[in-house]
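Q: Below is a structure I'd like to ask you about.
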Amino acid sequence: MERRWNERKPIQLNALINSTETLISGKTDNIGMGGMYLKIAPGININAQHALSVSLSDGDDTVTFPSMIIRIDKDGLALKFSSYSPEMLSMLRKILVDGADNSALH
């Protein structure tokens, strides 16, 4: 059972997943301070053992989130952030705290 330290909010942003194996586009389903869930097309093969980076764009900025896969299911990937940069924290604050009306992000 997955245990989260932080609440996740349903936010949809375009995402570009970059691993040593492949480059995949997807869309966030939810985001929290500790991680996110990404929806990807069915049948995409990605190895759970690899670290990856996810680039998110909120319309103004594009930020890369170093992450680890914690779960793969039929709809996508659950990711835990593996390190934080000032840019990551700024975007997370913008979309989770300041962006109470996230309709502009869709």
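How things are named: the first chain in the structure tokens is A, the next is B, and so on; residues count from 1 in each chain; ligands count from 1 in the order shown.
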Skipping near chain neighbours, those fewer than 4 positions away, what residues fall within 8 Å of region 34-46 of chain A using only C-alpha atoms, listed as a list in words?
A: Arg4, Trp5, Asn6, Arg8, Ala15, Glu21, Thr22, Ile24, Ser25, Gly26, Lys27, Thr28, Asp29, Asn30, Ser67, Lys74, Asp75, Gly76, Leu77, Ala78, Leu79, Lys80 and Phe81 of chain A
Q: With distances taken over only C-alpha atoms, which of A:Met91, A:Pro10, A:Asp98, A:Asn18 is nearest to Thr62 (chain A)?
A: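 Looking only at the distances to Thr62 (chain A), the closest residue turns out to be A:Met91.
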Q: Name all residues at most 8 Å from Ser55 (chain A) (count only C-alpha atoms; drop same-chain ones fewer than 2 positions away) and give them as a list in words.
A: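 Neighbouring residues, sequence-local ones excluded: Ala15, Leu16, Ile17, Ser53, Ser57, Thr62, Val63, Thr64 and Phe65 of chain A.
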Q: From chain A, collect each residue whose DSSP state is strand (DSSP E) and return the set as JSON, numbers by chain.
A: {"A": [8, 9, 14, 15, 16, 17, 18, 19, 23, 24, 25, 26, 27, 28, 29, 30, 31, 32, 35, 36, 37, 38, 39, 51, 52, 53, 54, 55, 56, 57, 62, 63, 64, 65, 66, 67, 68, 69, 70, 71, 72, 76, 77, 78, 79, 80, 81]}
Q: Selection from above, C-alpha atoms, as a CSV table (one decimal), in the first residue's frame, can you write it?
A:
chain,number,residue,atom,x,y,z
A,8,ARG,CA,-1.9,15.3,-4.1
A,9,LYS,CA,-4.1,17.6,-6.2
A,14,ASN,CA,1.8,18.1,-20.3
A,15,ALA,CA,4.8,16.0,-19.3
A,16,LEU,CA,7.9,14.7,-21.1
A,17,ILE,CA,9.4,11.6,-19.5
A,18,ASN,CA,13.1,11.1,-20.2
A,19,SER,CA,14.8,7.9,-19.0
A,23,LEU,CA,11.5,9.5,-24.3
A,24,ILE,CA,7.7,9.4,-23.6
A,25,SER,CA,5.0,12.1,-23.6
A,26,GLY,CA,2.2,11.9,-21.1
A,27,LYS,CA,0.0,14.1,-18.9
A,28,THR,CA,0.0,14.5,-15.1
A,29,ASP,CA,-3.1,13.2,-13.3
A,30,ASN,CA,-2.2,14.5,-9.9
A,31,ILE,CA,0.8,16.3,-8.3
A,32,GLY,CA,1.9,16.7,-4.6
A,35,GLY,CA,5.6,13.1,-6.3
A,36,MET,CA,3.1,12.8,-9.1
A,37,TYR,CA,1.1,10.3,-11.1
A,38,LEU,CA,1.5,10.4,-14.9
A,39,LYS,CA,-0.9,8.9,-17.4
A,51,ALA,CA,15.6,6.9,-12.4
A,52,LEU,CA,14.1,9.3,-14.9
A,53,SER,CA,13.3,13.0,-15.3
A,54,VAL,CA,10.0,14.5,-16.0
A,55,SER,CA,9.7,18.0,-17.6
A,56,LEU,CA,6.6,19.8,-16.9
A,57,SER,CA,5.4,23.1,-18.5
A,62,THR,CA,9.4,24.3,-18.0
A,63,VAL,CA,11.0,22.5,-15.1
A,64,THR,CA,12.7,19.1,-14.8
A,65,PHE,CA,11.7,16.9,-11.9
A,66,PRO,CA,14.3,14.1,-11.1
A,67,SER,CA,12.1,11.1,-10.0
A,68,MET,CA,12.0,7.4,-9.2
A,69,ILE,CA,9.1,5.1,-10.3
A,70,ILE,CA,7.4,3.7,-7.3
A,71,ARG,CA,4.5,2.0,-9.2
A,72,ILE,CA,3.6,1.1,-12.7
A,76,GLY,CA,0.6,5.1,-16.0
A,77,LEU,CA,3.4,5.7,-13.5
A,78,ALA,CA,3.4,6.8,-9.8
A,79,LEU,CA,6.6,8.8,-9.2
A,80,LYS,CA,8.4,10.0,-6.2
A,81,PHE,CA,10.7,13.1,-6.5
Q: Which residue gives the smallest distance to Val97 (chain A) among A:Glu7, A:Asp73, A:Leu13, A:Asp61, with only C-alpha atoms counted?
A: A:Glu7
Q: Measure the distance from CA of Asp58 (chain A) to CA of Ile95 (chain A) in Å and round it to one decimal.
A: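 Taking CA of Asp58 (chain A) as the start and CA of Ile95 (chain A) as the end point, the length is 8.0 Å.
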